[in-house]
file protein16.csv (CSV, C-alpha atoms)
chain,number,residue,atom,x,y,z
A,1,MET,CA,7.3,-14.3,19.7
A,2,ALA,CA,9.9,-11.6,19.6
A,3,SER,CA,12.5,-12.1,16.9
A,4,PHE,CA,15.0,-9.3,17.3
A,5,PRO,CA,18.7,-10.3,16.7
A,6,ASP,CA,21.2,-9.0,19.2
A,7,SER,CA,22.5,-6.5,16.7
A,8,VAL,CA,22.7,-5.7,13.0
A,9,ASN,CA,25.7,-4.2,11.3
A,10,GLU,CA,24.1,-2.5,8.3
A,11,ASN,CA,27.5,-1.9,6.7
A,12,ASP,CA,27.6,-5.7,6.2
A,13,LEU,CA,24.2,-5.8,4.4
A,14,GLY,CA,23.8,-6.0,0.7
A,15,LYS,CA,22.8,-2.8,-1.2
A,16,ALA,CA,19.7,-2.8,-3.3
A,17,LYS,CA,20.2,-1.8,-7.0
A,18,PHE,CA,18.9,1.7,-7.6
A,19,ILE,CA,17.4,1.9,-11.1
A,20,GLY,CA,16.0,5.4,-11.4
A,21,GLU,CA,13.9,8.2,-10.1
A,22,LEU,CA,11.1,10.5,-11.2
A,23,LEU,CA,11.6,14.1,-10.4
A,24,VAL,CA,9.2,17.0,-10.0
A,25,PRO,CA,9.7,20.7,-11.1
A,26,VAL,CA,11.5,22.8,-8.5
A,27,ALA,CA,8.9,24.7,-6.5
A,28,PRO,CA,9.3,28.4,-5.4
A,29,PHE,CA,10.4,29.0,-1.9
A,30,ASP,CA,6.8,29.8,-0.7
A,31,GLN,CA,5.4,26.6,-2.2
A,32,LYS,CA,7.9,24.1,-0.7
A,33,SER,CA,5.3,22.9,1.9
A,34,GLY,CA,2.6,20.6,0.5
A,35,ARG,CA,4.7,19.0,-2.2
A,36,GLU,CA,5.1,15.6,-0.4
A,37,ALA,CA,4.5,12.3,-2.3
A,38,TRP,CA,2.2,10.8,0.3
A,39,THR,CA,1.2,7.9,-1.9
A,40,VAL,CA,2.6,5.8,-4.8
A,41,ALA,CA,0.5,3.2,-6.6
A,42,PHE,CA,0.7,0.7,-9.5
A,43,ALA,CA,-2.3,-0.2,-11.6
A,44,PRO,CA,-3.3,-3.9,-11.0
A,45,ASN,CA,-2.6,-4.7,-14.7
A,46,GLY,CA,0.8,-3.0,-14.6
A,47,SER,CA,-0.2,-0.4,-17.2
A,48,TYR,CA,0.3,2.7,-15.1
A,49,PHE,CA,2.3,4.1,-12.2
A,50,ALA,CA,0.9,7.0,-10.3
A,51,TRP,CA,2.1,9.3,-7.5
A,52,SER,CA,1.0,12.4,-5.7
A,53,GLN,CA,3.8,14.9,-6.3
A,54,GLY,CA,2.2,17.7,-4.2
A,55,HIS,CA,0.4,20.9,-4.9
A,56,ARG,CA,-2.8,19.2,-6.1
A,57,ILE,CA,-1.1,17.3,-8.9
A,58,VAL,CA,-1.2,13.5,-9.6
A,59,LYS,CA,1.1,12.1,-12.3
A,60,LEU,CA,0.2,9.0,-14.3
A,61,VAL,CA,3.1,7.4,-16.2
A,62,PRO,CA,2.9,4.3,-18.4
A,63,TRP,CA,4.9,1.8,-16.4
A,64,THR,CA,6.4,0.0,-19.4
A,65,LYS,CA,7.7,3.3,-20.8
A,66,CYS,CA,9.1,4.1,-17.4
A,67,LEU,CA,11.0,0.8,-17.3
A,68,LYS,CA,12.2,1.3,-20.8
A,69,ASP,CA,13.6,4.7,-20.0
A,70,PHE,CA,15.3,3.4,-16.9
A,71,GLY,CA,16.8,0.5,-18.9
A,72,GLU,CA,18.3,2.7,-21.6
A,73,CYS,CA,20.7,4.0,-19.0
A,74,THR,CA,21.7,0.8,-17.3
A,75,ASP,CA,25.3,1.1,-18.4
A,76,ALA,CA,25.6,4.8,-17.6
A,77,GLY,CA,24.0,4.5,-14.2
A,78,PRO,CA,20.6,5.3,-12.8
A,79,ARG,CA,18.3,7.4,-14.9
A,80,ARG,CA,16.7,10.6,-13.8
A,81,LEU,CA,13.5,11.6,-15.5
A,82,SER,CA,11.9,15.0,-15.2
A,83,ARG,CA,8.1,15.0,-15.8
A,84,GLN,CA,8.1,18.8,-16.3
A,85,ASN,CA,8.1,18.9,-20.1
A,86,SER,CA,6.3,15.7,-21.1
A,87,ASN,CA,5.0,15.7,-24.7
A,88,GLU,CA,1.9,13.5,-25.0
A,89,ALA,CA,1.7,14.1,-28.7
A,90,LEU,CA,4.7,11.8,-29.3
A,91,ILE,CA,2.8,8.8,-27.8
A,92,PRO,CA,0.5,6.8,-30.1
A,93,LEU,CA,-3.1,6.8,-29.1
A,94,SER,CA,-3.1,3.0,-28.9
A,95,GLU,CA,-0.7,3.1,-26.0
A,96,PRO,CA,-1.1,4.3,-22.4
A,97,ARG,CA,-0.5,8.0,-22.3
A,98,GLU,CA,1.2,10.0,-19.6
A,99,ARG,CA,-1.2,12.3,-17.8
A,100,THR,CA,-1.2,15.1,-15.3
A,101,ILE,CA,-4.3,15.4,-13.1
A,102,ASP,CA,-5.1,18.6,-11.1
A,103,CYS,CA,-7.2,17.4,-8.2
A,104,GLY,CA,-8.0,20.8,-6.8
A,105,ASP,CA,-6.4,20.2,-3.4
A,106,ILE,CA,-3.5,18.4,-1.8
A,107,VAL,CA,-3.6,14.7,-2.5
A,108,TRP,CA,-3.0,12.3,0.4
A,109,GLY,CA,-4.4,9.0,-0.9
A,110,LEU,CA,-4.3,7.1,-4.2
A,111,ALA,CA,-5.8,3.9,-5.4
A,112,PHE,CA,-6.3,2.1,-8.7
A,113,GLY,CA,-9.5,0.1,-9.3
A,114,SER,CA,-10.4,-2.2,-12.1
A,115,SER,CA,-13.8,-3.5,-12.9
A,116,VAL,CA,-15.1,-7.1,-13.4
A,117,PRO,CA,-18.4,-6.7,-15.2
A,118,GLU,CA,-19.8,-10.0,-13.8
A,119,LYS,CA,-19.3,-8.7,-10.2
A,120,GLN,CA,-22.6,-7.1,-9.4
A,121,SER,CA,-23.2,-4.1,-7.1
A,122,ARG,CA,-24.3,-5.0,-3.6
A,123,CYS,CA,-27.3,-2.6,-4.1
A,124,VAL,CA,-29.4,-5.1,-6.0
A,125,ASN,CA,-32.6,-3.0,-6.0
A,126,ILE,CA,-31.3,-0.3,-8.3
A,127,GLU,CA,-31.7,-1.2,-12.0
A,128,TRP,CA,-30.3,2.0,-13.5
A,129,HIS,CA,-26.9,3.5,-13.0
A,130,ARG,CA,-25.2,6.5,-14.4
A,131,PHE,CA,-22.0,4.6,-15.2
A,132,LYS,CA,-21.6,1.3,-17.0
A,133,PHE,CA,-18.1,0.0,-16.3
A,134,GLY,CA,-16.6,-2.2,-19.0
A,135,GLN,CA,-14.1,-5.0,-18.6
A,136,ASP,CA,-11.1,-2.7,-19.6
A,137,GLN,CA,-12.2,0.1,-17.2
A,138,LEU,CA,-9.4,1.5,-15.0
A,139,LEU,CA,-10.2,4.0,-12.4
A,140,LEU,CA,-8.0,6.2,-10.1
A,141,ALA,CA,-9.4,7.4,-6.8
A,142,THR,CA,-7.7,10.4,-5.1
A,143,GLY,CA,-8.2,11.3,-1.5
A,144,LEU,CA,-7.9,15.1,-0.8
A,145,ASN,CA,-7.1,17.5,2.0
A,146,ASN,CA,-10.6,18.9,2.0
A,147,GLY,CA,-12.2,15.5,2.7
A,148,ARG,CA,-13.4,14.8,-0.8
A,149,ILE,CA,-12.7,11.8,-3.0
A,150,LYS,CA,-12.5,12.2,-6.7
A,151,ILE,CA,-12.8,9.3,-9.1
A,152,TRP,CA,-11.1,9.5,-12.5
A,153,ASP,CA,-11.1,7.5,-15.7
A,154,VAL,CA,-7.4,6.7,-16.2
A,155,TYR,CA,-7.6,6.2,-20.0
A,156,THR,CA,-9.4,9.5,-20.7
A,157,GLY,CA,-8.5,11.7,-17.7
A,158,LYS,CA,-12.2,12.5,-17.2
A,159,LEU,CA,-13.6,13.1,-13.7
A,160,LEU,CA,-16.4,10.6,-13.1
A,161,LEU,CA,-17.4,11.1,-9.4
A,162,ASN,CA,-16.9,13.5,-6.5
A,163,LEU,CA,-17.6,11.9,-3.1
A,164,MET,CA,-18.1,14.3,-0.3
A,165,ASP,CA,-19.1,12.7,3.1
A,166,HIS,CA,-15.8,12.9,5.0
A,167,THR,CA,-15.2,16.0,7.2
A,168,ASP,CA,-11.4,15.9,7.3
A,169,VAL,CA,-8.4,14.8,5.3
A,170,VAL,CA,-8.8,11.5,3.4
A,171,ARG,CA,-5.6,9.9,4.3
A,172,ASP,CA,-5.8,6.6,2.4
A,173,LEU,CA,-7.9,4.7,-0.2
A,174,THR,CA,-8.1,1.0,-1.1
A,175,PHE,CA,-10.2,-0.9,-3.6
A,176,ALA,CA,-11.5,-4.4,-3.0
A,177,PRO,CA,-9.3,-6.8,-5.1
A,178,ASP,CA,-12.3,-8.8,-6.4
A,179,GLY,CA,-13.2,-6.2,-9.1
A,180,SER,CA,-16.4,-5.2,-7.4
A,181,LEU,CA,-15.3,-1.5,-7.3
A,182,MET,CA,-16.0,-1.3,-3.6
A,183,LEU,CA,-13.8,1.5,-2.3
A,184,VAL,CA,-12.8,2.1,1.4
A,185,SER,CA,-11.5,5.5,2.5
A,186,ALA,CA,-9.6,6.2,5.7
A,187,SER,CA,-9.8,9.7,7.2
A,188,ARG,CA,-8.7,12.0,9.9
A,189,ASP,CA,-12.3,12.3,10.9
A,190,LYS,CA,-11.8,8.9,12.7
A,191,THR,CA,-13.9,6.9,10.3
A,192,LEU,CA,-13.7,4.5,7.4
A,193,ARG,CA,-16.3,4.8,4.7
A,194,VAL,CA,-17.3,2.1,2.2
A,195,TRP,CA,-18.4,3.3,-1.3
A,196,ASP,CA,-20.0,1.2,-4.1
A,197,LEU,CA,-18.8,2.8,-7.3
A,198,LYS,CA,-21.0,0.5,-9.4
A,199,ASP,CA,-23.9,2.0,-7.5
A,200,ASP,CA,-22.8,5.5,-8.8
A,201,GLY,CA,-20.5,6.0,-5.8
A,202,ASN,CA,-23.2,5.7,-3.1
A,203,MET,CA,-21.9,5.2,0.5
A,204,VAL,CA,-22.7,1.8,1.8
A,205,LYS,CA,-21.4,1.9,5.4
A,206,VAL,CA,-19.5,4.0,7.9
A,207,LEU,CA,-17.1,1.9,10.0
A,208,ARG,CA,-16.5,3.5,13.5
A,209,GLY,CA,-14.2,2.4,16.2
A,210,HIS,CA,-11.0,4.4,15.9
A,211,GLN,CA,-10.6,7.0,18.6
A,212,ASN,CA,-8.1,9.1,16.5
A,213,TRP,CA,-7.0,9.6,12.9
A,214,VAL,CA,-7.1,6.6,10.6
A,215,TYR,CA,-3.9,6.4,8.6
A,216,CYS,CA,-4.2,3.4,6.4
A,217,SER,CA,-6.4,0.5,5.4
A,218,ALA,CA,-6.0,-2.7,3.3
A,219,PHE,CA,-8.1,-5.5,1.9
A,220,SER,CA,-7.3,-9.2,2.2
A,221,PRO,CA,-6.8,-10.8,-1.2
A,222,ASP,CA,-10.3,-12.3,-1.2
A,223,SER,CA,-11.8,-9.0,-0.1
A,224,SER,CA,-13.5,-10.5,2.9
A,225,ILE,CA,-11.4,-8.8,5.6
A,226,LEU,CA,-10.3,-5.1,5.9
A,227,CYS,CA,-7.4,-4.1,8.1
A,228,SER,CA,-7.3,-0.5,9.4
A,229,VAL,CA,-4.6,1.3,11.5
A,230,GLY,CA,-4.3,4.8,12.8
A,231,ALA,CA,-3.2,7.1,15.7
A,232,GLY,CA,-3.3,4.4,18.3
A,233,LYS,CA,-1.6,1.1,19.2
A,234,ALA,CA,-4.3,-1.3,18.0
A,235,VAL,CA,-4.8,-2.9,14.6
A,236,PHE,CA,-8.5,-3.2,13.6
A,237,LEU,CA,-9.8,-6.2,11.5
A,238,TRP,CA,-13.3,-5.8,9.9
A,239,ASN,CA,-15.6,-8.4,8.4
A,240,MET,CA,-16.5,-6.8,5.0
A,241,ASP,CA,-19.5,-9.1,4.4
A,242,LYS,CA,-21.3,-7.9,7.6
A,243,TYR,CA,-19.3,-4.7,8.2
A,244,THR,CA,-18.6,-5.6,11.8
A,245,LEU,CA,-15.4,-5.5,13.8
A,246,ILE,CA,-13.7,-9.0,14.1
A,247,ARG,CA,-11.0,-8.2,16.6
A,248,LYS,CA,-8.3,-5.8,17.6
A,249,LEU,CA,-4.7,-6.9,17.4
A,250,GLU,CA,-2.5,-5.6,20.3
A,251,GLY,CA,1.2,-5.6,20.2
A,252,HIS,CA,2.5,-2.2,19.0
A,253,HIS,CA,3.7,0.5,21.5
A,254,ASN,CA,3.0,3.5,19.3
A,255,ASP,CA,0.9,4.7,16.4
A,256,VAL,CA,0.4,2.2,13.6
A,257,VAL,CA,0.7,3.9,10.3
A,258,SER,CA,0.8,1.3,7.5
A,259,CYS,CA,-0.6,-2.2,6.8
A,260,GLU,CA,-0.7,-4.8,4.1
A,261,PHE,CA,-1.7,-8.4,3.6
A,262,SER,CA,0.5,-11.1,2.1
A,263,PRO,CA,-0.6,-12.2,-1.4
A,264,ASP,CA,-2.0,-15.5,0.0
A,265,GLY,CA,-3.9,-13.6,2.7
A,266,ALA,CA,-2.3,-15.7,5.5
A,267,LEU,CA,-0.1,-12.9,6.9
A,268,LEU,CA,-0.6,-9.3,7.8
A,269,ALA,CA,2.3,-6.8,8.1
A,270,THR,CA,1.9,-3.6,10.1
A,271,ALA,CA,4.4,-0.7,10.6
A,272,SER,CA,4.5,1.5,13.6
A,273,TYR,CA,6.4,4.5,15.1
A,274,ASP,CA,7.6,2.1,17.7
A,275,THR,CA,10.4,1.2,15.3
A,276,ARG,CA,9.0,-2.2,14.4
A,277,VAL,CA,7.2,-4.1,11.6
A,278,ILE,CA,5.1,-6.9,13.0
A,279,VAL,CA,3.9,-9.8,10.9
A,280,TRP,CA,0.7,-11.3,12.3
A,281,ASP,CA,-1.4,-14.4,11.8
A,282,HIS,CA,-4.5,-12.3,11.8
A,283,HIS,CA,-6.8,-15.4,11.8
A,284,LYS,CA,-5.7,-16.2,15.3
A,285,GLY,CA,-4.4,-12.7,16.4
A,286,THR,CA,-0.9,-13.9,17.1
A,287,ILE,CA,2.5,-12.4,16.3
A,288,LEU,CA,4.7,-14.5,14.1
A,289,LEU,CA,7.6,-12.2,13.4
A,290,GLU,CA,9.0,-8.8,14.5
A,291,LEU,CA,11.3,-6.9,12.3
A,292,GLY,CA,13.3,-4.4,14.3
A,293,HIS,CA,14.8,-1.1,13.0
A,294,LEU,CA,16.5,-0.1,16.3
A,295,PHE,CA,18.9,-2.1,18.4
A,296,PRO,CA,18.4,-2.8,21.2
A,297,PRO,CA,14.7,-2.4,20.7
A,298,PRO,CA,13.1,0.3,22.8
A,299,SER,CA,11.1,-0.7,25.8
A,300,PRO,CA,7.4,0.1,25.7
A,301,ILE,CA,7.8,3.1,27.9
A,302,PHE,CA,10.4,4.7,25.4
A,303,ALA,CA,8.8,3.4,22.2
A,304,GLY,CA,6.7,6.5,21.8
A,305,GLY,CA,9.7,8.9,21.8
A,306,SER,CA,11.4,10.5,18.8
A,307,ASN,CA,14.1,8.0,17.9
A,308,ASP,CA,14.7,8.7,14.2
A,309,ARG,CA,13.7,5.1,13.4
A,310,TRP,CA,9.9,5.6,13.0
A,311,VAL,CA,8.7,3.2,10.3
A,312,ARG,CA,6.6,5.1,7.8
A,313,SER,CA,5.5,2.4,5.4
A,314,VAL,CA,5.5,-1.3,4.8
A,315,SER,CA,4.8,-3.3,1.6
A,316,PHE,CA,4.5,-7.0,0.9
A,317,CYS,CA,6.1,-8.3,-2.3
A,318,PRO,CA,3.8,-10.3,-4.6
A,319,ASP,CA,6.2,-13.3,-4.2
A,320,GLY,CA,5.0,-13.6,-0.6
A,321,ARG,CA,8.5,-13.9,0.7
A,322,HIS,CA,9.8,-10.3,0.9
A,323,ILE,CA,8.8,-7.2,2.8
A,324,ALA,CA,10.0,-3.6,2.3
A,325,SER,CA,10.0,-0.9,4.9
A,326,VAL,CA,10.7,2.9,4.8
A,327,THR,CA,11.9,4.6,8.0
A,328,ASP,CA,13.0,8.0,9.2
A,329,ASP,CA,16.7,6.9,9.4
A,330,ARG,CA,17.1,7.5,5.6
A,331,LEU,CA,17.0,3.8,4.7
A,332,VAL,CA,14.8,1.5,2.8
A,333,ARG,CA,15.1,-2.1,4.0
A,334,PHE,CA,14.3,-5.3,2.1
A,335,TRP,CA,13.4,-8.2,4.4
A,336,SER,CA,12.9,-11.9,3.9
A,337,ILE,CA,10.2,-13.5,6.1
A,338,GLU,CA,12.8,-16.3,6.4
A,339,GLN,CA,15.4,-14.1,8.1
A,340,ARG,CA,15.4,-11.7,11.1
A,341,ALA,CA,17.8,-9.2,9.6
A,342,PRO,CA,17.4,-7.1,6.4
A,343,GLN,CA,18.4,-8.8,3.2
A,344,ALA,CA,19.4,-5.5,1.6
A,345,ILE,CA,19.2,-1.8,2.2
A,346,ALA,CA,19.1,1.4,0.2
A,347,SER,CA,19.6,5.1,1.0
A,348,LEU,CA,16.5,7.3,0.9
A,349,SER,CA,16.1,10.7,2.5
A,350,ASN,CA,12.7,11.8,3.8
A,351,GLY,CA,10.9,8.7,2.6
A,352,LEU,CA,7.1,8.5,3.2
A,353,CYS,CA,5.6,5.5,1.3
A,354,CYS,CA,6.5,2.5,-0.8
A,355,ALA,CA,4.9,-0.1,-3.0
A,356,PHE,CA,6.0,-3.1,-5.1
A,357,SER,CA,5.2,-3.3,-8.8
A,358,PRO,CA,2.5,-6.0,-9.7
A,359,GLU,CA,5.2,-8.5,-10.8
A,360,GLY,CA,7.3,-7.8,-7.7
A,361,GLY,CA,10.5,-6.9,-9.5
A,362,VAL,CA,10.6,-3.2,-8.5
A,363,LEU,CA,10.0,-1.1,-5.4
A,364,ALA,CA,8.9,2.5,-5.6
A,365,ALA,CA,9.2,4.9,-2.7
A,366,GLY,CA,7.9,8.5,-2.5
A,367,THR,CA,9.6,11.3,-0.6
A,368,ARG,CA,8.8,14.7,1.0
A,369,ASP,CA,10.2,16.5,-2.0
A,370,GLY,CA,7.6,15.0,-4.3
A,371,GLY,CA,10.0,12.6,-6.1
A,372,VAL,CA,9.9,8.9,-6.5
A,373,HIS,CA,12.9,6.5,-6.3
A,374,PHE,CA,13.0,2.9,-7.7
A,375,TRP,CA,15.0,-0.1,-6.8
A,376,GLU,CA,15.2,-3.7,-8.0
A,377,ALA,CA,13.6,-6.0,-5.5
A,378,PRO,CA,15.6,-9.0,-4.2
A,379,ARG,CA,15.2,-11.9,-6.5
A,380,SER,CA,15.3,-15.6,-5.6
A,381,VAL,CA,13.6,-18.7,-6.9
A,382,SER,CA,10.8,-19.7,-4.6
A,383,SER,CA,10.8,-23.3,-3.4
A,384,LEU,CA,8.1,-25.7,-4.5
A,385,GLN,CA,7.1,-25.9,-0.8
A,386,HIS,CA,6.5,-22.2,-0.6
A,387,LEU,CA,4.5,-22.1,-3.8
A,388,CYS,CA,2.3,-24.9,-2.6
A,389,ARG,CA,1.9,-23.1,0.7
A,390,LEU,CA,0.8,-19.9,-1.1
A,391,THR,CA,-1.7,-21.9,-3.1
A,392,LEU,CA,-3.2,-23.7,-0.1
A,393,ARG,CA,-3.3,-20.6,2.1
A,394,ARG,CA,-5.3,-18.6,-0.5
A,395,LEU,CA,-8.1,-21.1,0.1
A,396,MET,CA,-7.8,-22.0,3.8
A,397,THR,CA,-7.6,-20.1,7.1
A,398,THR,CA,-5.2,-21.0,9.9
A,399,GLN,CA,-7.9,-22.8,11.8
A,400,GLN,CA,-8.8,-24.9,8.7
A,401,VAL,CA,-5.2,-25.9,8.2
A,402,GLU,CA,-4.8,-26.8,11.9
A,403,SER,CA,-7.8,-29.2,11.6
A,404,LEU,CA,-6.1,-31.2,8.8
A,405,ALA,CA,-4.8,-34.7,9.7
A,406,ILE,CA,-1.3,-34.0,8.7
A,407,PRO,CA,2.1,-34.2,10.5
A,408,THR,CA,2.9,-31.4,13.0
A,409,PRO,CA,6.0,-30.1,11.1
A,410,LEU,CA,3.9,-29.8,7.9
A,411,ARG,CA,1.1,-28.1,9.8
A,412,ASP,CA,3.6,-25.6,11.4
A,413,TYR,CA,5.1,-24.8,8.0
A,414,LEU,CA,1.7,-24.2,6.4
A,415,THR,CA,0.6,-21.9,9.3
A,416,TYR,CA,3.9,-20.0,9.1
A,417,LYS,CA,4.9,-21.0,12.6
A,418,VAL,CA,8.0,-22.4,10.8
A,419,ILE,CA,8.9,-19.9,8.1
call {"tool": "encode", "arguments": {"input": "protein16.csv", "output": "structure tokens"}}
result
Amino acid sequence: MASFPDSVNENDLGKAKFIGELLVPVAPFDQKSGREAWTVAFAPNGSYFAWSQGHRIVKLVPWTKCLKDFGECTDAGPRRLSRQNSNEALIPLSEPRERTIDCGDIVWGLAFGSSVPEKQSRCVNIEWHRFKFGQDQLLLATGLNNGRIKIWDVYTGKLLLNLMDHTDVVRDLTFAPDGSLMLVSASRDKTLRVWDLKDDGNMVKVLRGHQNWVYCSAFSPDSSILCSVGAGKAVFLWNMDKYTLIRKLEGHHNDVVSCEFSPDGALLATASYDTRVIVWDHHKGTILLELGHLFPPPSPIFAGGSNDRWVRSVSFCPDGRHIASVTDDRLVRFWSIEQRAPQAIASLSNGLCCAFSPEGGVLAAGTRDGGVHFWEAPRSVSSLQHLCRLTLRRLMTTQQVESLAIPTPLRDYLTYKVI
């Protein structure tokens, strides 16, 4: 169902609180291209923040230190931190250390992966492996312009693996959330590739179906479903137990460039150049909510044009109630799934990507100049009903909920038909 309000006066919306930014060294004139921050990422345990600041460089910053530095200037205004002259010698060895990683080529995709030792490799016939991943292992995967994927040990900065099967830019990377260290890469060579890092990085499967570049992919929280989007109007859903296509979701009118599941796995948010973010019930393939960035919304025949409202990125907050989007109109919008208009906005020039911190309190957004901006996320106390719905939907699909012998209003609430 369409859910566009008649109009939105953005001057009447609340302003998100800007808390700081990470800057990069000023590049010479002939090196200004290639310095985009295509990806920002938080470690699952909240220990590190990473971003691709351009020119082959990835920065790793201890997240608690970053928050502390921002907090010291709360009274004086937002804090600007330059990462040009960082001094690692001042940081005790027992604490996470700031690192600079030279990946050898322009970095497009980033992803953190953490290991669960009990989670075995799917390649059960191999008894010997080069790498033994411990419980405190934290890896960083980087997708490069030359089609390679490099895997780094975050705590030591050591290069562990160099994966080389893609034939074009690796645009996006995502680890399975279950700790299995299964990695999926999305590439401009029109394929997705599945890698088993516990099996020394061997490639498990090539997922084919996209007719053009693949921009982004995302795992469901239980790691059973993969969503992939690219230069096309369809949203692909894959069964990651059988490596087969489940279905295609149709509803966008232009390229789909970003996707992410809600923390309970019940909802899927996708962002497109057609100026919309669509929230899906992916179990049934239906549209639950449309978040519009242009009013009135463009008709399908005009949705492919340049309209300065292309949505570049979308991210689901860990509270399951808020969504953030980055668009070409120099705004970041914070949405509530309970409302059709943005809850708050923030100014951002040339934004490319965004991600919420693991606790959901901060949103980070990367820009074309290689910098990262941070805002406080909207805060509200979740209702007991919403918390119960989150818990239940982590365990049950929409079809399973609909089969319960419960009143219709409760069933509609649990299936997000009534937000």
call {"tool": "residues_around", "arguments": {"input": "protein16.csv", "residues": "Glu36 in chain A", "least_positions_apart": "5", "cutoff": "7 Å", "atoms": "all atoms listed in the file", "output": "list in words"}}
result
Gln53, Gly54, Thr367, Arg368, Asp369 and Gly370 of chain A
call {"tool": "closest_residue", "arguments": {"input": "protein16.csv", "among": "A:Ala234, A:Ala365, A:Val194, A:Met164", "to": "His210 in chain A", "atoms": "only C-alpha atoms"}}
result
A:Ala234
call {"tool": "atom_distance", "arguments": {"input": "protein16.csv", "atom1": "CA of Leu23 in chain A", "atom2": "CA of Ile151 in chain A"}}
result
24.9 Å
call {"tool": "residues_around", "arguments": {"input": "protein16.csv", "residues": "Gly230 in chain A", "least_positions_apart": "2", "cutoff": "7 Å", "atoms": "only C-alpha atoms", "output": "ChimeraX atom specification"}}
result
/A:212-216,228,232,255-257
call {"tool": "closest_residue", "arguments": {"input": "protein16.csv", "among": "A:Ala266, A:Ile323, A:Gly71, A:Leu207", "to": "Thr244 in chain A", "atoms": "all atoms listed in the file"}}
result
A:Leu207
call {"tool": "residues_around", "arguments": {"input": "protein16.csv", "residues": "Phe18 in chain A", "least_positions_apart": "5", "cutoff": "8 Å", "atoms": "only C-alpha atoms", "output": "ChimeraX atom specification"}}
result
/A:78,346,373-376
call {"tool": "build_atoms", "arguments": {"input": "protein16.csv", "residues": "range 245-249 of chain A", "atoms": "all heavy atoms", "output": "PDB file, in the coordinates of the input"}}
result
ATOM      1  N   LEU A 245     -16.758  -5.391  13.337  1.00  0.00           N
ATOM      2  CA  LEU A 245     -15.400  -5.500  13.800  1.00  0.00           C
ATOM      3  C   LEU A 245     -15.146  -6.981  14.250  1.00  0.00           C
ATOM      4  O   LEU A 245     -15.912  -7.543  15.049  1.00  0.00           O
ATOM      5  CB  LEU A 245     -15.149  -4.592  15.007  1.00  0.00           C
ATOM      6  CG  LEU A 245     -13.746  -4.603  15.620  1.00  0.00           C
ATOM      7  CD1 LEU A 245     -12.720  -4.079  14.617  1.00  0.00           C
ATOM      8  CD2 LEU A 245     -13.710  -3.771  16.905  1.00  0.00           C
ATOM      9  N   ILE A 246     -14.092  -7.586  13.704  1.00  0.00           N
ATOM     10  CA  ILE A 246     -13.700  -9.000  14.100  1.00  0.00           C
ATOM     11  C   ILE A 246     -12.945  -8.980  15.358  1.00  0.00           C
ATOM     12  O   ILE A 246     -13.307  -9.638  16.328  1.00  0.00           O
ATOM     13  CB  ILE A 246     -12.922  -9.634  12.938  1.00  0.00           C
ATOM     14  CG1 ILE A 246     -13.719  -9.674  11.631  1.00  0.00           C
ATOM     15  CG2 ILE A 246     -12.504 -11.038  13.355  1.00  0.00           C
ATOM     16  CD1 ILE A 246     -12.909 -10.172  10.450  1.00  0.00           C
ATOM     17  N   ARG A 247     -11.865  -8.236  15.381  1.00  0.00           N
ATOM     18  CA  ARG A 247     -11.000  -8.200  16.600  1.00  0.00           C
ATOM     19  C   ARG A 247     -10.032  -7.014  16.430  1.00  0.00           C
ATOM     20  O   ARG A 247      -9.853  -6.450  15.343  1.00  0.00           O
ATOM     21  CB  ARG A 247     -10.252  -9.469  16.782  1.00  0.00           C
ATOM     22  CG  ARG A 247      -9.247  -9.788  15.678  1.00  0.00           C
ATOM     23  CD  ARG A 247      -8.278 -10.892  16.102  1.00  0.00           C
ATOM     24  NE  ARG A 247      -8.969 -12.111  16.450  1.00  0.00           N
ATOM     25  CZ  ARG A 247      -9.187 -13.105  15.602  1.00  0.00           C
ATOM     26  NH1 ARG A 247      -8.796 -12.982  14.335  1.00  0.00           N
ATOM     27  NH2 ARG A 247      -9.784 -14.194  15.974  1.00  0.00           N
ATOM     28  N   LYS A 248      -9.385  -6.694  17.540  1.00  0.00           N
ATOM     29  CA  LYS A 248      -8.300  -5.800  17.600  1.00  0.00           C
ATOM     30  C   LYS A 248      -7.005  -6.537  17.885  1.00  0.00           C
ATOM     31  O   LYS A 248      -7.009  -7.371  18.805  1.00  0.00           O
ATOM     32  CB  LYS A 248      -8.472  -4.651  18.586  1.00  0.00           C
ATOM     33  CG  LYS A 248      -9.660  -3.740  18.326  1.00  0.00           C
ATOM     34  CD  LYS A 248      -9.762  -2.685  19.424  1.00  0.00           C
ATOM     35  CE  LYS A 248     -11.007  -1.833  19.276  1.00  0.00           C
ATOM     36  NZ  LYS A 248     -11.119  -0.834  20.371  1.00  0.00           N
ATOM     37  N   LEU A 249      -5.945  -6.267  17.138  1.00  0.00           N
ATOM     38  CA  LEU A 249      -4.700  -6.900  17.400  1.00  0.00           C
ATOM     39  C   LEU A 249      -3.816  -5.944  18.254  1.00  0.00           C
ATOM     40  O   LEU A 249      -3.622  -4.779  17.892  1.00  0.00           O
ATOM     41  CB  LEU A 249      -3.933  -7.205  16.096  1.00  0.00           C
ATOM     42  CG  LEU A 249      -4.697  -8.078  15.093  1.00  0.00           C
ATOM     43  CD1 LEU A 249      -3.862  -8.280  13.833  1.00  0.00           C
ATOM     44  CD2 LEU A 249      -5.072  -9.412  15.713  1.00  0.00           C
TER      45      LEU A 249
END
